[in-house]
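File shown: protein16.cif. Contents: mmCIF, C-alpha atoms and all ligand atoms.
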```cif
data_run
#
loop_
_atom_site.label_atom_id
_atom_site.label_comp_id
_atom_site.auth_asym_id
_atom_site.auth_seq_id
_atom_site.Cartn_x
_atom_site.Cartn_y
_atom_site.Cartn_z
CA MET I 1 71.13 -167.28 -5.76
CA ASN I 2 71.92 -163.64 -6.58
CA ILE I 3 71.18 -161.07 -3.87
CA GLY I 4 71.49 -157.33 -4.21
CA ILE I 5 69.87 -154.01 -4.96
CA ASP I 6 66.42 -154.35 -6.49
CA ARG I 7 65.37 -150.67 -6.53
CA LEU I 8 67.29 -147.49 -5.80
CA SER I 9 65.69 -144.12 -5.12
CA PHE I 10 67.53 -140.91 -4.24
CA TYR I 11 66.33 -137.65 -2.73
CA THR I 12 67.99 -134.36 -1.82
CA SER I 13 66.83 -130.99 -0.54
CA ASN I 14 65.05 -128.56 -2.88
CA TYR I 15 67.59 -125.83 -2.02
CA TYR I 16 71.21 -125.38 -2.98
CA VAL I 17 74.06 -122.89 -2.91
CA ASP I 18 76.21 -122.45 -5.99
CA LEU I 19 79.86 -122.67 -4.94
CA LYS I 20 80.57 -119.54 -7.00
CA THR I 21 78.39 -117.71 -4.46
CA LEU I 22 80.32 -119.25 -1.58
CA ALA I 23 83.65 -118.48 -3.27
CA GLU I 24 82.70 -114.82 -3.55
CA ALA I 25 81.70 -114.66 0.12
CA ARG I 26 84.96 -116.32 1.18
CA SER I 27 87.16 -114.36 -1.29
CA VAL I 28 88.33 -117.59 -2.89
CA ASP I 29 88.86 -118.29 -6.60
CA PRO I 30 85.74 -120.27 -7.68
CA ASP I 31 88.01 -122.63 -9.63
CA LYS I 32 89.34 -123.93 -6.33
CA TYR I 33 85.88 -125.43 -5.80
CA TYR I 34 84.79 -126.11 -9.40
CA ILE I 35 88.15 -127.57 -10.50
CA GLY I 36 90.29 -128.08 -7.37
CA ILE I 37 87.79 -130.21 -5.44
CA GLY I 38 85.41 -130.83 -8.36
CA GLN I 39 82.23 -129.49 -6.71
CA GLU I 40 79.70 -127.03 -8.19
CA LYS I 41 76.74 -126.90 -5.81
CA MET I 42 75.87 -127.99 -2.28
CA GLY I 43 72.43 -129.12 -1.16
CA ILE I 44 71.15 -127.23 1.90
CA PRO I 45 68.20 -128.53 3.95
CA PRO I 46 65.64 -125.92 5.06
CA PRO I 47 64.57 -125.89 8.75
CA ASP I 48 61.68 -128.31 8.09
CA GLU I 49 63.87 -130.98 6.45
CA ASP I 50 65.98 -133.44 8.47
CA VAL I 51 67.41 -136.94 7.99
CA VAL I 52 63.97 -138.46 8.63
CA THR I 53 62.17 -136.41 5.97
CA LEU I 54 65.04 -136.84 3.50
CA ALA I 55 64.92 -140.62 4.10
CA ALA I 56 61.13 -140.93 3.91
CA SER I 57 61.09 -138.83 0.72
CA ALA I 58 63.78 -141.07 -0.81
CA ALA I 59 61.75 -144.18 0.01
CA TYR I 60 58.36 -142.70 -0.93
CA PRO I 61 58.49 -143.84 -4.59
CA LEU I 62 58.99 -147.42 -3.35
CA MET I 63 55.92 -147.07 -1.14
CA ARG I 64 53.91 -145.55 -4.00
CA ASP I 65 54.91 -148.44 -6.28
CA GLY I 66 53.94 -151.10 -3.72
CA GLU I 67 57.56 -152.22 -3.35
CA LEU I 68 57.55 -152.11 0.45
CA ASP I 69 55.10 -155.02 0.83
CA GLY I 70 57.07 -157.93 2.25
CA VAL I 71 59.83 -155.76 3.74
CA GLU I 72 60.64 -157.15 7.19
CA LEU I 73 63.89 -155.34 7.90
CA LEU I 74 64.48 -151.58 7.85
CA LEU I 75 68.08 -150.45 8.37
CA PHE I 76 68.68 -146.72 8.74
CA ALA I 77 72.28 -145.58 8.28
CA THR I 78 73.30 -142.08 9.35
CA GLU I 79 76.01 -139.90 10.84
CA SER I 80 73.40 -137.21 11.62
CA GLY I 81 71.43 -139.05 14.34
CA ILE I 82 68.54 -137.10 15.87
CA ASP I 83 68.07 -139.05 19.10
CA GLN I 84 70.40 -140.97 21.42
CA SER I 85 67.85 -143.72 21.91
CA LYS I 86 65.14 -144.01 19.27
CA ALA I 87 66.14 -145.15 15.78
CA ALA I 88 65.32 -142.53 13.13
CA GLY I 89 64.11 -145.42 10.98
CA ILE I 90 61.07 -145.85 13.23
CA TYR I 91 59.78 -142.40 12.26
CA VAL I 92 60.33 -143.35 8.61
CA HIS I 93 58.56 -146.67 9.17
CA GLY I 94 55.55 -144.72 10.48
CA LEU I 95 55.53 -142.10 7.71
CA LEU I 96 55.68 -144.86 5.07
CA GLU I 97 52.91 -146.82 6.81
CA MET I 98 55.00 -149.98 6.76
CA SER I 99 53.87 -153.27 8.28
CA PRO I 100 54.52 -153.57 12.04
CA ARG I 101 56.02 -156.99 11.29
CA CYS I 102 59.43 -155.45 10.70
CA ARG I 103 62.79 -155.17 12.45
CA THR I 104 64.00 -151.55 12.52
CA VAL I 105 67.37 -150.31 13.69
CA GLU I 106 69.82 -147.44 13.15
CA LEU I 107 73.50 -147.95 12.28
CA LYS I 108 76.48 -145.66 12.68
CA GLN I 109 80.04 -145.63 11.40
CA ALA I 110 80.36 -142.28 9.64
CA CYS I 111 79.94 -142.64 5.87
CA TYR I 112 80.51 -146.40 5.96
CA SER I 113 77.25 -147.28 7.73
CA GLY I 114 75.24 -147.47 4.48
CA THR I 115 77.47 -150.28 3.28
CA ALA I 116 77.34 -152.03 6.66
CA ALA I 117 73.54 -151.87 6.35
CA LEU I 118 73.59 -153.23 2.79
CA GLN I 119 75.79 -156.17 3.78
CA LEU I 120 73.61 -156.97 6.81
CA ALA I 121 70.51 -156.81 4.61
CA ILE I 122 72.12 -159.23 2.16
CA GLY I 123 72.76 -161.66 5.06
CA PHE I 124 69.10 -161.33 6.09
CA VAL I 125 67.88 -162.13 2.57
CA ALA I 126 70.32 -165.06 2.28
CA ARG I 127 68.63 -166.57 5.33
CA ASN I 128 65.10 -165.56 4.25
CA PRO I 129 65.14 -165.62 0.43
CA GLY I 130 61.46 -164.69 0.07
CA LYS I 131 61.77 -161.59 2.22
CA LYS I 132 62.99 -158.08 1.43
CA ALA I 133 64.94 -155.44 3.33
CA LEU I 134 64.87 -151.66 3.04
CA VAL I 135 68.20 -149.92 3.53
CA ILE I 136 68.13 -146.12 3.86
CA SER I 137 71.21 -143.94 4.15
CA SER I 138 70.41 -140.35 5.04
CA ASP I 139 72.72 -137.53 6.06
CA ILE I 140 73.35 -133.81 6.28
CA ALA I 141 77.02 -132.88 5.89
CA ARG I 142 77.69 -129.80 8.00
CA TYR I 143 81.00 -128.10 8.71
CA GLU I 144 81.74 -124.75 10.37
CA LEU I 145 81.14 -121.59 8.34
CA GLY I 146 84.41 -120.47 6.77
CA SER I 147 86.19 -123.80 7.43
CA PRO I 148 88.01 -125.74 4.65
CA GLY I 149 85.28 -128.40 4.78
CA GLU I 150 82.46 -125.89 4.17
CA ALA I 151 82.48 -126.25 0.37
CA THR I 152 82.02 -130.02 0.71
CA GLN I 153 78.72 -129.77 2.59
CA GLY I 154 75.61 -131.36 1.14
CA CYS I 155 72.62 -133.49 2.02
CA GLY I 156 70.62 -136.39 0.68
CA ALA I 157 69.23 -139.85 1.22
CA VAL I 158 69.20 -143.07 -0.76
CA ALA I 159 66.64 -145.84 -0.28
CA MET I 160 67.55 -149.31 -1.53
CA LEU I 161 65.33 -152.34 -1.67
CA VAL I 162 67.43 -155.47 -1.10
CA SER I 163 66.14 -158.81 -2.36
CA ALA I 164 66.96 -162.14 -3.98
CA ASN I 165 67.13 -162.01 -7.79
CA PRO I 166 67.54 -158.21 -7.76
CA ARG I 167 66.54 -156.22 -10.84
CA LEU I 168 69.36 -153.63 -10.62
CA VAL I 169 72.69 -154.85 -9.22
CA ALA I 170 73.67 -158.28 -7.86
CA ILE I 171 76.27 -157.82 -5.12
CA GLU I 172 79.10 -160.33 -5.39
CA PRO I 173 80.00 -162.26 -2.21
CA GLU I 174 83.66 -161.28 -1.87
CA SER I 175 84.66 -158.15 0.06
CA GLY I 176 87.88 -156.63 1.31
CA TYR I 177 87.54 -154.55 4.46
CA TYR I 178 89.74 -152.60 6.81
CA THR I 179 89.34 -150.99 10.23
CA GLU I 180 91.78 -148.68 12.01
CA ASP I 181 91.30 -146.38 15.01
CA VAL I 182 92.11 -142.91 13.64
CA MET I 183 90.82 -139.36 14.26
CA ASP I 184 90.43 -137.95 10.75
CA PHE I 185 86.80 -136.80 11.07
CA TRP I 186 84.44 -137.03 14.04
CA ARG I 187 81.51 -135.29 15.68
CA PRO I 188 81.19 -135.29 19.49
CA ASN I 189 77.59 -135.48 20.74
CA TYR I 190 77.63 -131.82 21.82
CA ARG I 191 78.42 -130.50 18.32
CA SER I 192 76.26 -130.08 15.24
CA GLU I 193 79.28 -129.50 12.95
CA ALA I 194 81.87 -132.17 12.24
CA LEU I 195 85.50 -131.76 13.24
CA VAL I 196 87.95 -132.84 10.58
CA ASP I 197 91.66 -133.07 9.91
CA GLY I 198 91.06 -132.53 6.20
CA LYS I 199 94.34 -133.41 4.52
CA TYR I 200 94.92 -136.33 6.89
CA SER I 201 91.40 -137.65 6.13
CA THR I 202 92.22 -137.83 2.42
CA MET I 203 95.34 -139.86 3.20
CA VAL I 204 93.49 -142.30 5.47
CA TYR I 205 90.77 -142.68 2.80
CA ILE I 206 93.45 -143.79 0.32
CA HIS I 207 95.24 -146.03 2.81
CA ALA I 208 92.00 -147.85 3.68
CA LEU I 209 91.29 -148.23 -0.05
CA LEU I 210 94.65 -149.88 -0.74
CA GLU I 211 94.24 -152.23 2.23
CA SER I 212 90.65 -153.15 1.31
CA TRP I 213 91.60 -153.72 -2.31
CA LYS I 214 94.47 -156.01 -1.22
CA GLN I 215 92.08 -158.38 0.54
CA TYR I 216 89.48 -158.20 -2.25
CA ALA I 217 92.14 -159.02 -4.85
CA GLU I 218 93.46 -161.95 -2.79
CA LEU I 219 89.95 -163.38 -2.55
CA THR I 220 89.01 -162.95 -6.21
CA ASP I 221 92.25 -162.87 -8.23
CA ARG I 222 90.70 -159.92 -10.10
CA THR I 223 92.67 -156.99 -11.44
CA LEU I 224 91.46 -153.50 -12.32
CA THR I 225 90.76 -154.60 -15.90
CA ASP I 226 88.00 -156.92 -14.62
CA PHE I 227 85.85 -153.84 -13.92
CA ASP I 228 83.82 -151.76 -16.36
CA ARG I 229 83.07 -148.90 -13.96
CA PHE I 230 83.99 -147.78 -10.46
CA CYS I 231 81.94 -146.09 -7.84
CA TYR I 232 83.74 -144.57 -4.86
CA HIS I 233 82.63 -142.86 -1.67
CA ILE I 234 82.39 -139.22 -2.82
CA PRO I 235 83.13 -136.56 -0.16
CA PHE I 236 83.97 -134.39 -3.20
CA THR I 237 84.37 -135.68 -6.74
CA LYS I 238 88.11 -134.99 -6.99
CA MET I 239 88.66 -137.37 -4.06
CA ALA I 240 87.18 -140.29 -6.03
CA GLU I 241 89.30 -139.48 -9.09
CA LYS I 242 92.47 -139.20 -7.00
CA ALA I 243 91.69 -142.45 -5.22
CA HIS I 244 91.38 -144.30 -8.51
CA GLN I 245 94.61 -142.77 -9.75
CA LYS I 246 96.46 -143.86 -6.58
CA LEU I 247 95.05 -147.38 -6.75
CA SER I 248 96.06 -147.69 -10.42
CA ARG I 249 99.57 -146.42 -9.67
CA LYS I 250 99.94 -148.78 -6.72
CA LEU I 251 99.01 -151.69 -8.99
CA LYS I 252 101.56 -150.48 -11.51
CA SER I 253 98.97 -149.76 -14.17
CA PRO I 254 99.04 -145.94 -14.31
CA ILE I 255 96.00 -144.48 -15.95
CA GLU I 256 95.34 -141.37 -18.09
CA LYS I 257 92.86 -138.69 -16.98
CA ALA I 258 90.55 -139.43 -19.92
CA GLU I 259 90.44 -143.10 -19.00
CA ILE I 260 89.52 -142.24 -15.40
CA ALA I 261 86.70 -140.07 -16.69
CA GLY I 262 85.32 -143.01 -18.71
CA LEU I 263 85.35 -145.27 -15.66
CA LEU I 264 84.10 -142.79 -13.05
CA GLU I 265 82.33 -139.82 -14.63
CA GLY I 266 78.83 -141.38 -14.65
CA SER I 267 79.05 -141.91 -10.88
CA LEU I 268 80.15 -138.33 -10.14
CA ARG I 269 77.43 -136.28 -11.86
CA TYR I 270 74.88 -136.15 -9.04
CA SER I 271 77.43 -135.64 -6.23
CA ARG I 272 79.02 -132.68 -8.03
CA ILE I 273 75.72 -130.78 -7.57
CA THR I 274 74.46 -132.19 -4.25
CA GLY I 275 77.65 -132.33 -2.17
CA ASN I 276 78.59 -134.96 0.36
CA CYS I 277 75.69 -137.13 1.54
CA TYR I 278 77.94 -139.06 3.96
CA ALA I 279 76.40 -142.57 4.45
CA GLY I 280 74.53 -142.27 1.16
CA SER I 281 77.36 -140.80 -0.91
CA MET I 282 78.57 -143.92 -2.68
CA TYR I 283 74.98 -144.93 -3.42
CA VAL I 284 74.17 -141.47 -4.81
CA GLY I 285 77.13 -142.25 -7.07
CA LEU I 286 75.62 -145.61 -8.00
CA ALA I 287 72.25 -144.01 -8.81
CA SER I 288 74.05 -141.40 -10.90
CA LEU I 289 76.01 -144.06 -12.78
CA LEU I 290 72.99 -146.26 -13.55
CA ASP I 291 70.78 -143.27 -14.47
CA THR I 292 73.20 -141.28 -16.61
CA ASP I 293 75.87 -143.51 -18.15
CA GLY I 294 75.30 -143.45 -21.90
CA GLU I 295 76.39 -147.07 -22.38
CA ASP I 296 74.19 -150.08 -21.67
CA LEU I 297 75.73 -151.44 -18.44
CA THR I 298 73.99 -154.82 -18.56
CA ASN I 299 76.25 -157.58 -17.12
CA LYS I 300 78.99 -155.03 -16.44
CA ARG I 301 80.95 -155.30 -13.20
CA ILE I 302 81.17 -152.21 -10.98
CA GLY I 303 83.90 -151.82 -8.36
CA LEU I 304 82.53 -150.22 -5.18
CA TYR I 305 84.62 -148.54 -2.49
CA SER I 306 82.92 -147.37 0.67
CA TYR I 307 84.76 -145.32 3.29
CA GLY I 308 83.74 -144.00 6.69
CA SER I 309 86.09 -141.87 8.74
CA GLY I 310 87.28 -143.18 12.03
CA CYS I 311 87.79 -145.47 10.05
CA VAL I 312 86.36 -148.40 8.05
CA GLY I 313 86.87 -149.04 4.33
CA GLU I 314 85.36 -151.78 2.17
CA PHE I 315 85.96 -152.72 -1.46
CA PHE I 316 83.37 -154.97 -3.08
CA SER I 317 81.64 -155.34 -6.43
CA GLY I 318 78.33 -155.75 -8.17
CA VAL I 319 77.07 -156.84 -11.56
CA VAL I 320 74.39 -154.82 -13.34
CA GLN I 321 71.34 -156.94 -14.20
CA PRO I 322 69.56 -157.30 -17.56
CA GLY I 323 66.58 -154.94 -17.84
CA TYR I 324 67.92 -152.59 -15.15
CA ARG I 325 66.93 -149.49 -17.10
CA GLU I 326 63.24 -150.38 -16.79
CA VAL I 327 63.32 -150.09 -12.99
CA LEU I 328 65.36 -146.91 -12.53
CA TYR I 329 63.95 -143.69 -11.08
CA ALA I 330 66.11 -141.66 -13.49
CA ASP I 331 63.36 -139.24 -14.65
CA GLN I 332 62.35 -138.48 -11.10
CA HIS I 333 65.97 -137.84 -10.06
CA ARG I 334 66.54 -135.53 -13.05
CA ASN I 335 63.34 -133.65 -12.30
CA LEU I 336 64.34 -133.16 -8.66
CA LEU I 337 67.85 -131.95 -9.48
CA GLU I 338 66.71 -129.61 -12.25
CA ASN I 339 64.01 -127.90 -10.21
CA ARG I 340 65.78 -126.91 -7.02
CA THR I 341 65.81 -123.33 -5.74
CA GLU I 342 69.09 -121.44 -5.52
CA LEU I 343 69.85 -119.66 -2.23
CA THR I 344 71.65 -116.35 -1.88
CA TYR I 345 74.62 -116.28 0.45
CA GLN I 346 72.55 -114.51 3.13
CA GLN I 347 69.71 -117.07 2.89
CA TYR I 348 72.28 -119.86 3.25
CA GLU I 349 73.84 -118.30 6.34
CA ASP I 350 70.41 -117.64 7.91
CA ILE I 351 69.37 -121.27 7.40
CA PHE I 352 72.74 -122.52 8.67
CA ASN I 353 72.50 -120.44 11.85
CA TYR I 354 68.85 -121.40 12.45
CA GLY I 355 69.99 -125.04 12.86
CA VAL I 356 67.74 -127.27 14.96
CA PRO I 357 66.76 -125.78 18.33
CA VAL I 358 68.30 -127.63 21.28
CA ASP I 359 66.77 -125.70 24.21
CA GLY I 360 63.86 -128.10 24.71
CA GLY I 361 61.31 -125.39 23.78
CA GLU I 362 58.12 -125.59 21.69
CA TYR I 363 58.63 -124.88 17.98
CA VAL I 364 56.53 -124.76 14.82
CA PHE I 365 58.71 -124.57 11.69
CA PRO I 366 57.72 -122.46 8.69
CA GLN I 367 56.82 -124.46 5.59
CA TYR I 368 59.53 -124.54 2.93
CA LYS I 369 59.57 -126.53 -0.29
CA THR I 370 60.10 -130.16 0.72
CA GLY I 371 59.25 -133.58 -0.63
CA PRO I 372 56.19 -135.54 0.52
CA PHE I 373 57.11 -135.20 4.22
CA ARG I 374 58.18 -132.32 6.46
CA PHE I 375 59.60 -131.82 9.95
CA SER I 376 56.86 -129.54 11.25
CA GLY I 377 58.03 -128.78 14.79
CA ILE I 378 59.06 -129.89 18.24
CA SER I 379 56.66 -130.25 21.15
CA GLN I 380 57.35 -131.69 24.62
CA HIS I 381 60.81 -132.76 23.39
CA LYS I 382 59.24 -134.80 20.60
CA ARG I 383 59.89 -134.22 16.91
CA GLU I 384 56.72 -133.84 14.88
CA TYR I 385 56.42 -134.81 11.24
CA GLU I 386 53.74 -134.09 8.68
CA SER I 387 52.82 -136.10 5.62
CA LEU I 388 51.92 -133.96 2.60
CA VAL I 389 50.78 -136.99 0.60
CA ASP I 390 47.12 -136.68 -0.51
P1 LIG J 401 91.74 -127.00 1.42
O1 LIG J 401 92.87 -127.47 2.25
O2 LIG J 401 91.19 -125.65 1.71
O3 LIG J 401 92.03 -127.07 -0.11
O4 LIG J 401 90.53 -128.04 1.53
P2 LIG J 401 93.43 -127.12 -0.89
O5 LIG J 401 94.18 -125.86 -0.63
O6 LIG J 401 94.10 -128.43 -0.65
O7 LIG J 401 92.84 -127.08 -2.37
C1 LIG J 401 92.09 -128.14 -2.83
C2 LIG J 401 92.54 -128.44 -4.25
O8 LIG J 401 92.17 -127.32 -5.06
C3 LIG J 401 94.05 -128.59 -4.41
O9 LIG J 401 94.27 -129.59 -5.38
C4 LIG J 401 94.48 -127.25 -4.96
O10 LIG J 401 95.68 -127.29 -5.72
C5 LIG J 401 93.29 -126.91 -5.83
P3 LIG J 401 95.26 -130.83 -5.05
O11 LIG J 401 96.57 -130.24 -4.71
O12 LIG J 401 94.63 -131.52 -3.84
O13 LIG J 401 95.20 -131.63 -6.29
N1 LIG J 401 93.15 -125.48 -6.10
C6 LIG J 401 92.81 -124.98 -7.31
N2 LIG J 401 92.54 -125.59 -8.48
C7 LIG J 401 92.18 -124.77 -9.54
N3 LIG J 401 92.13 -123.41 -9.46
C8 LIG J 401 92.39 -122.79 -8.30
C9 LIG J 401 92.75 -123.58 -7.16
N4 LIG J 401 93.05 -123.28 -5.88
C10 LIG J 401 93.30 -124.45 -5.25
N5 LIG J 401 92.34 -121.46 -8.23
C11 LIG J 401 90.04 -130.34 2.07
C12 LIG J 401 90.57 -129.36 1.03
C13 LIG J 401 89.81 -131.71 1.46
C14 LIG J 401 91.05 -130.44 3.20
C15 LIG J 401 88.71 -129.76 2.62
O14 LIG J 401 87.75 -129.66 1.58
C16 LIG J 401 88.12 -130.57 3.76
O15 LIG J 401 88.54 -130.49 4.91
N6 LIG J 401 87.04 -131.38 3.45
C17 LIG J 401 86.36 -132.19 4.46
C18 LIG J 401 87.06 -133.51 4.69
C19 LIG J 401 86.93 -134.46 3.51
O16 LIG J 401 86.07 -134.34 2.68
N7 LIG J 401 87.79 -135.49 3.51
C20 LIG J 401 87.77 -136.49 2.46
C21 LIG J 401 88.28 -137.85 2.93
S1 LIG J 401 87.51 -138.39 4.44
C22 LIG J 401 85.93 -138.91 3.93
O17 LIG J 401 85.68 -139.06 2.77
C23 LIG J 401 84.91 -139.15 5.01
C24 LIG J 401 83.83 -138.10 5.13
O18 LIG J 401 82.92 -138.24 4.04
C25 LIG J 401 83.12 -138.22 6.48
C26 LIG J 401 82.54 -139.55 6.92
O19 LIG J 401 83.12 -140.63 6.76
O20 LIG J 401 81.44 -139.47 7.56
C27 LIG J 401 84.38 -136.68 5.06
#
```
Represent the supplied structure as structure tokens.
Amino acid sequence: MNIGIDRLSFYTSNYYVDLKTLAEARSVDPDKYYIGIGQEKMGIPPPDEDVVTLAASAAYPLMRDGELDGVELLLFATESGIDQSKAAGIYVHGLLEMSPRCRTVELKQACYSGTAALQLAIGFVARNPGKKALVISSDIARYELGSPGEATQGCGAVAMLVSANPRLVAIEPESGYYTEDVMDFWRPNYRSEALVDGKYSTMVYIHALLESWKQYAELTDRTLTDFDRFCYHIPFTKMAEKAHQKLSRKLKSPIEKAEIAGLLEGSLRYSRITGNCYAGSMYVGLASLLDTDGEDLTNKRIGLYSYGSGCVGEFFSGVVQPGYREVLYADQHRNLLENRTELTYQQYEDIFNYGVPVDGGEYVFPQYKTGPFRFSGISQHKREYESLVD
């Protein structure tokens, strides 16, 4: 029995900053961002958007299409938790009016948690083949103003329906994974911006890739030529390209730049203009690949590398299913990305500094342009959400 991703819906904020604007404010050559790290825009959430509204908006099309009937497991993966106790997924469960007969839990391991959630969901479906799981990865990547990480900020959520006989991508059973206790990127509970040892993090990302690949290759006897496309965790698009280059060199099959573009470019298009979405990043890449690759990917194998700082890496693979194009949300994704509002530098800095109040006071947030749900305020220490669905 095949198990995997049956539907895949992505959502990001309606606001962005062009990295040329940031480059000017930081007196940096814009090519450092556009070419050096391969990023053009970063998604910025307004004050009434958080990981719950991003997640619920990502999953809304599934609700609208009746795909959430029969979902009995909701896994919410995030680095940007909003509460030490209550799972953010429970707010999403409420906003999406899902059946109470559902297990809901939140998972954390930096950007890796989305893959942990997917693998757990696959185990759930293997045991209960008639049932479905909803996996949502939702994050806001936030670094200090003026820090090297700033240009890699972003935000977004990906909702994936996991089922038997999936219509999009069947996930193959073999996986190579790797855990090591390192401090490359972390965020203590008292901080809203991540701390990162940038250059070191890129080295650990690669090391975990090589180790994960080793186990995957031992289990499958596959080589790089057994894959038609690759989809990497994308903190910035250049990282994915460099990772593939390093892996190819390590396996003594060096690869030309043009060849890398053919294997990876489809997966990088969305991330280049949304920025890092942490737990959702690799799946934003997968949505981008399935939506935008010009070739018919039916029965093609995709290599998937997920990485979460701290760290955990996992290399696994999936096979694209016949008829996949009929169940994509490609038009909706294009429409969202083409109709966002550009922020000036000052607007960006004002939104950044506004943050989320932490003084326990009463707040009503102004209404910005959001998806079908908004974070309307805080009252008596409780977050309040509003559905804008008619
Ligand atoms: P930096 O140190 O300021 O940048 O920030 P740099 O000086 O290394 O320049 C970057 C590249 O631009 C270099 O290319 C330059 O040569 C080039 P490279 O040598 O690397 O090939 N460059 C130019 N190119 C064209 N024209 C120019 C120009 N100027 C320079 N004029 C750094 C880079 C990655 C450190 C920073 O962005 C950062 O700290 N980012 C955050 C951390 C990160 O994303 N790490 C990635 C791996 S860890 C990960 O993926 C996990 C994560 O997603 C979190 C999680 O798991 O939750 C982050």
- Residues at most 8 Å from ligand LIG 401 (chain J), using all atoms listed in the file? Could they come as number ranges by chain? I: 28-37, 79, 109-112, 143, 147-152, 184-186, 196-205, 233-236, 238-239, 276-279, 281, 307-311
- Task: Can you work out which one of I:Phe227, I:Tyr324, I:Ile273, I:Arg127 has the shortest atom-to-atom distance to Glu338 in chain I, counting all atoms listed in the file?
- Result: I:Ile273
- Message: I'd like to know which of I:Val356, I:Val320, I:Leu219, I:Ala117 is closest to Ala170 in chain I, using all atoms listed in the file.
- Response: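 Looking only at the distances to Ala170 in chain I, the closest residue turns out to be I:Val320.
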- Task: Rank I:Leu145, I:Leu209, I:Val158, I:Val284 by their smallest atom-to-atom distance to Asn353 in chain I, using all atoms listed in the file, and report the top residue only.
- Result: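 The shortest atom-to-atom distance to Asn353 in chain I comes from I:Leu145.
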Can you pull out the residues contacting range 48-61 of chain I? Cut-off 8 Å, using all atoms listed in the file, and skip same-chain residues under 3 positions away; I want them as a short mmCIF file (atom, residue, chain, number, x, y, z; two decimals) with C-alpha atoms, keeping the file's coordinate frame.
```cif
data_model
loop_
_atom_site.label_atom_id
_atom_site.label_comp_id
_atom_site.auth_asym_id
_atom_site.auth_seq_id
_atom_site.Cartn_x
_atom_site.Cartn_y
_atom_site.Cartn_z
CA SER I 9 65.69 -144.12 -5.12
CA PHE I 10 67.53 -140.91 -4.24
CA TYR I 11 66.33 -137.65 -2.73
CA THR I 12 67.99 -134.36 -1.82
CA SER I 13 66.83 -130.99 -0.54
CA PRO I 45 68.20 -128.53 3.95
CA ARG I 64 53.91 -145.55 -4.00
CA ASP I 65 54.91 -148.44 -6.28
CA THR I 78 73.30 -142.08 9.35
CA SER I 80 73.40 -137.21 11.62
CA GLY I 81 71.43 -139.05 14.34
CA ILE I 82 68.54 -137.10 15.87
CA ALA I 88 65.32 -142.53 13.13
CA GLY I 89 64.11 -145.42 10.98
CA TYR I 91 59.78 -142.40 12.26
CA VAL I 92 60.33 -143.35 8.61
CA LEU I 95 55.53 -142.10 7.71
CA LEU I 96 55.68 -144.86 5.07
CA ILE I 136 68.13 -146.12 3.86
CA SER I 137 71.21 -143.94 4.15
CA SER I 138 70.41 -140.35 5.04
CA ASP I 139 72.72 -137.53 6.06
CA ILE I 140 73.35 -133.81 6.28
CA GLY I 156 70.62 -136.39 0.68
CA ALA I 157 69.23 -139.85 1.22
CA VAL I 158 69.20 -143.07 -0.76
CA ALA I 159 66.64 -145.84 -0.28
CA MET I 160 67.55 -149.31 -1.53
CA PHE I 365 58.71 -124.57 11.69
CA PRO I 366 57.72 -122.46 8.69
CA GLN I 367 56.82 -124.46 5.59
CA TYR I 368 59.53 -124.54 2.93
CA THR I 370 60.10 -130.16 0.72
CA GLY I 371 59.25 -133.58 -0.63
CA PRO I 372 56.19 -135.54 0.52
CA PHE I 373 57.11 -135.20 4.22
CA ARG I 374 58.18 -132.32 6.46
CA PHE I 375 59.60 -131.82 9.95
CA SER I 376 56.86 -129.54 11.25
CA GLY I 377 58.03 -128.78 14.79
CA TYR I 385 56.42 -134.81 11.24
#
```
Using the file's own x, y and z axes, what box holds all listed atoms of range 313-323 of chain I with 3 Å on each side, keeping edges along x, y and z, and what are its centre and edge lengths in Å to one decimal, as AutoDock Vina command-line options?
```
--center_x 76.7 --center_y -153.2 --center_z -6.8 --size_x 26.3 --size_y 14.3 --size_z 28.2
```
- For CA of Glu342 in chain I and CA of Tyr354 in chain I, the interatomic separation in Å (one decimal):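 So the two atoms, CA of Glu342 in chain I and CA of Tyr354 in chain I, lie 18.0 Å apart.
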- Task: Find the spatial neighbours of Leu290 in chain I, counting only C-alpha atoms, within a cut-off of 9 Å - ignore same-chain residues fewer than 6 positions away - and output them as a VMD selection string.
- Result: chain I and resid 168 266 to 267 297 320 324 to 325 328 330
For those residues, write C-alpha atoms to a file as a JSON list (two decimals), keeping the file's coordinate frame.
```json
[["chain", "number", "residue", "atom", "x", "y", "z"],
["I", 168, "LEU", "CA", 69.36, -153.63, -10.62],
["I", 266, "GLY", "CA", 78.83, -141.38, -14.65],
["I", 267, "SER", "CA", 79.05, -141.91, -10.88],
["I", 297, "LEU", "CA", 75.73, -151.44, -18.44],
["I", 320, "VAL", "CA", 74.39, -154.82, -13.34],
["I", 324, "TYR", "CA", 67.92, -152.59, -15.15],
["I", 325, "ARG", "CA", 66.93, -149.49, -17.10],
["I", 328, "LEU", "CA", 65.36, -146.91, -12.53],
["I", 330, "ALA", "CA", 66.11, -141.66, -13.49]]
```
- Message: Could you check the closest approach to Glu193 in chain I for each of I:Pro100, I:Tyr178, I:Leu286, I:Phe352 and tell me which residue wins, using all atoms listed in the file?
- Response: I:Phe352
- Message: One decimal, in Å: what's the spacing between CA of Lys246 in chain I and CA of Ile5 in chain I?
- Response: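 Distance reported for this atom pair: 28.5 Å.
For the choices I:Thr344, I:Ser306, I:Thr21, I:Ser271, the atom-to-atom distance to Leu289 in chain I is smallest for I:Ser271 when using all atoms listed in the file.
The space between CA of Leu343 in chain I and CA of Gln153 in chain I spans 14.3 Å.
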- Task: Return the single residue from I:Gln39, I:Gly303, I:Ala194, I:Val327 that is closest to Leu62 in chain I, with distances computed using all atoms listed in the file.
- Result: I:Val327
